[in-house]
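Shown next, in structure tokens, is the structure this report addresses.
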Amino acid sequence: MHPRHRILSLAAALLAAAAHPALLLAQNTATAAKRTTAAAAAKPSAAPRTTVTTTTAATKPPTAPAAAKAADPDPALLLLSDIPESGTVAEIVAKSRAIAAAANALQNPLLRTRIRLALAQIESAPEDVRSIRRKHLAWLAVHSFAEAEKRIASDDAQGAANALHLVIRCDPTHTRARFFLAEILATKFGYHKESAFILRRGLPYLNLAASEANAYLHQYFNLLETLLLDREATNLAHGLLEKQTNLPPALRETVAMHAAKADFRIGNYATAAKTIRDHKLQGTQNRLLEAISLFNAGNTAAAIILLHRTIPETKGMERDAVLRQIANFHISLGQREQALRAAKQRVNEFPQNAQARIHCLYLFDPVKDRADYDRTLKYILENYSSNQAAMFALATFAARRGKVELANTCHHLSAKSQHGSFTKSDAPNSRHYVNRQNGFNHAAFTCSLIETLVRAKRPKDAVDACSKLRLYDKQFVRDTGGVINALLAAAYFSLGEKETAHLYVEEFLYEKNESTEAFFRLPEVLDQRDHAFSEPALLAAIDEIERIARRPREIPAHTCVAVASLLRSVKADAEALRILENAIRAHPTNAHVKAAFISARIANGAFSATAKNKDILTEIEELLLMRRPEPKIWNEIFRWLNSPNAPVSPRALSLRATLAKLARPDLTDNPDFS
């Protein structure tokens, strides 16, 4: 919609609402009723949330089924936690009798009998309340763990979690209960922080010689990786390796593997490689990790030699992975001929691997290898046209190289996979653009085609394709989560229509709030007594209502980075920075977003702190503490720190010295190779 039309339509709606206050009241009441109804409907299916605690009664996830709630008695009653261990005899006896009365309501006869027995012992010997309660808790831990195993067998995750919480309250040293509870919370409910907390609290009780220690630590290290707690992982792993000299061999291997992986993720490449060597970690994955660590540390020749020595020891997919990594190393070093040899070896040894052939497409020289290129492309299309992964990899290649005809072919095949045969001349309509459960993800192929048109400098065709989609298939547009708007923004920037492009960036970042809540804020937005609908006040009110009537989209981190890269390719650096500013707030711990954000700020000359952003030196310092992104960002930052635009300060000089060790001028920038 044209900006002026937008203003007029909003103004009309605003004036109409102001002229009819009763309408506002009716809308407000109706919306409130809808919210109440929706909340009531949504309440039973709300996502469960478990709070882990060691100082109160065992907590239950709040969405336990009614039957489970009825079967699970109050933990305070079971634990006899209300009996004062240091109270007077009269206080202990009085509390014991009160609990005995409450125990009569227990439905489980075994629990009822055990509690009555413990209470009778306490009443007869109140001075021994502590030891009696300790024995009772020991029995209750065994009973609850057996109950948890039954719940697990019957796939009752909620009931099992409740029982396991009770086990841990009774016996904090019960590491098997901690292991099972952590697994349930992570896999069934997605509570990774709570799961890690439970395992962390059990570490002092873990018997490293026990058979379950390996699985326990493996699970804990995996959770730390998920939560980006790599430094905690490396500290724990190296502490165990250094202090526990008698670790069982299998456990030592597990701990060393996680130590190497954690060190690699935070950029301690030399340490990662040394850990793999010192502990003689075997297997192709460890060889690959060691080689990549050596390569990232600057020992490129040693990395390539290591992988060549590994080839005879591997076969199948592992051998293919080694050959692929060798090709990637050579590409990073700008050694295209060596990379092509490794890629061709992959094709010769694994002729059915479409990805190996597509990698060759990236490496073929447009002139010298034209015949090989045509022959390889023909083979891929003839043999893998029904393979979605292969065709999307081919569509990605077409987008990165701006090959419109190839992108059209992939797009046509994706539509054909869902709707049967049709000709390329068919006009797009909803029949062709609806995603189906079977067949290719047509939305992804369509977005790839439009991106190809933008990169091929055919923005008008990209706009036309997007317009047809928006006209014929609104569901498709919703399915893409706003990516179509980002592609339109890039196309309009290429056309020089910056105002329209800016509006589509807004559409990408925000989605409309369909509720009428914005109009309920009318008295706050526009004070009729003071402004009397003057034009400046009206326009200011419209801007405020627009802000209220939209909400930020939940955009994945990798999408934000990819869209920003596309915008920068069409010289829309300011808009790319704006997208990354939103991304850094939504994904503050993502190193790839942070690296792209710093790069965009350098490109825009945005070095100083603002109301929304920290100064760029702080951003760089934070990036150094995160997981290490691609090495090329250090080259870019290092070049900027040595440029006349960089600040001259002790902090800048310190960063320059640090990045001098990380910058890799020997590596080429190869964003279009994967």
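In the structure tokens, chains take the letters A, B, ... in the order shown, each chain's residues start at 1, and ligands count up from 1 in the order shown.
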
Notebook entry, point to check: Skipping near chain neighbours, those fewer than 4 positions away, what residues fall within 12 Å of stretch 236-241 of chain A using only C-alpha atoms, listed as a PyMOL selection string?
Noted result: chain A and resi 200+203+208+217-218+220-221+224+229-232+245-249+251-263+271-272+275+278-279

Check: Where does DSSP see helix (DSSP H, G or I) in stretch 211-262 of chain A, if you list the residues as a PyMOL selection string?
Finding: chain A and resi 213-226+230-243+249-262

Check: Any idea what the distance is between atom CA of A:Ala399 and atom CA of A:His411?
Finding: 11.5 Å

Margin query: Which residues are near A:Glu91? Cut-off 12 Å, only C-alpha atoms, ignore same chain within fewer than 6 positions. Put them as number ranges by chain.
Written below: A: 82-85, 97-98, 122-123, 126-127, 129

Store the residues picked out above in a file with C-alpha atoms, as an mmCIF file, in the first residue's frame.
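Everything below was put into part02.cif:
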data_model
loop_
_atom_site.group_PDB
_atom_site.id
_atom_site.type_symbol
_atom_site.label_atom_id
_atom_site.label_comp_id
_atom_site.auth_asym_id
_atom_site.auth_seq_id
_atom_site.Cartn_x
_atom_site.Cartn_y
_atom_site.Cartn_z
ATOM 1 C CA ASP A 82 6.610 -30.662 58.979
ATOM 2 C CA ILE A 83 7.882 -32.517 62.048
ATOM 3 C CA PRO A 84 10.435 -30.282 63.872
ATOM 4 C CA GLU A 85 13.548 -32.369 64.477
ATOM 5 C CA ARG A 97 -0.625 -36.728 65.442
ATOM 6 C CA ALA A 98 -1.720 -34.015 63.015
ATOM 7 C CA ILE A 122 8.396 -41.031 66.453
ATOM 8 C CA GLU A 123 5.638 -40.717 69.046
ATOM 9 C CA PRO A 126 10.544 -38.425 69.929
ATOM 10 C CA GLU A 127 14.232 -37.984 70.768
ATOM 11 C CA VAL A 129 12.948 -38.314 65.249
#

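Atom to atom, atom CA of A:Leu406 and atom CA of A:Leu567 stand 22.5 Å apart.
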
Check: Can you tell me, as a PyMOL selection string, what residues are no more than 9 Å from stretch 358-370 of chain A when counting only C-alpha atoms, ignoring any on the same chain fewer than 5 positions away?
Finding: chain A and resi 324+331+336-337+339-340+343-344+347+375-377+380+390+393-394+397+401+672-674

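Near A:Ser144, within 7 Å and counting only C-alpha atoms, sit Ala163, Leu164, Leu166 and Val167 of chain A, not including residues fewer than 6 positions from it in the same chain.
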
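Surrounding stretch 623-640 of chain A within 7 Å are Arg265, Ile266, Gly267, Ala591, His592, Lys594, Ala595, Ala646, Arg656, Leu659, Ala660, Leu662, Ala663, Arg664, Pro665 and Asp669 of chain A, with only C-alpha atoms counted and residues fewer than 5 positions along the same chain left out.
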
Next item on the list: Write out as a PyMOL selection string each polymer residue whose atoms come within 12 Å of A:Lys612, counting only C-alpha atoms; drop sequence neighbours fewer than 5 positions from it.
Entry: chain A and resi 578+581-582+584-585

Item checked: Given only C-alpha atoms as the counted atoms, nearest of A:Ser643, A:Lys135, A:Pro172, A:Ala596 to A:Ile620 -> A:Ala596

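Checking A:Ala398, A:Leu288, A:Leu487, A:Ala100 one by one against A:Ala321, counting only C-alpha atoms, you find the shortest gap at A:Leu288.
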
Check: Which residue, A:Lys188, A:Arg112, A:Arg133, A:His502, has the smallest gap to A:Leu80 when you use only C-alpha atoms?
Finding: A:Arg133
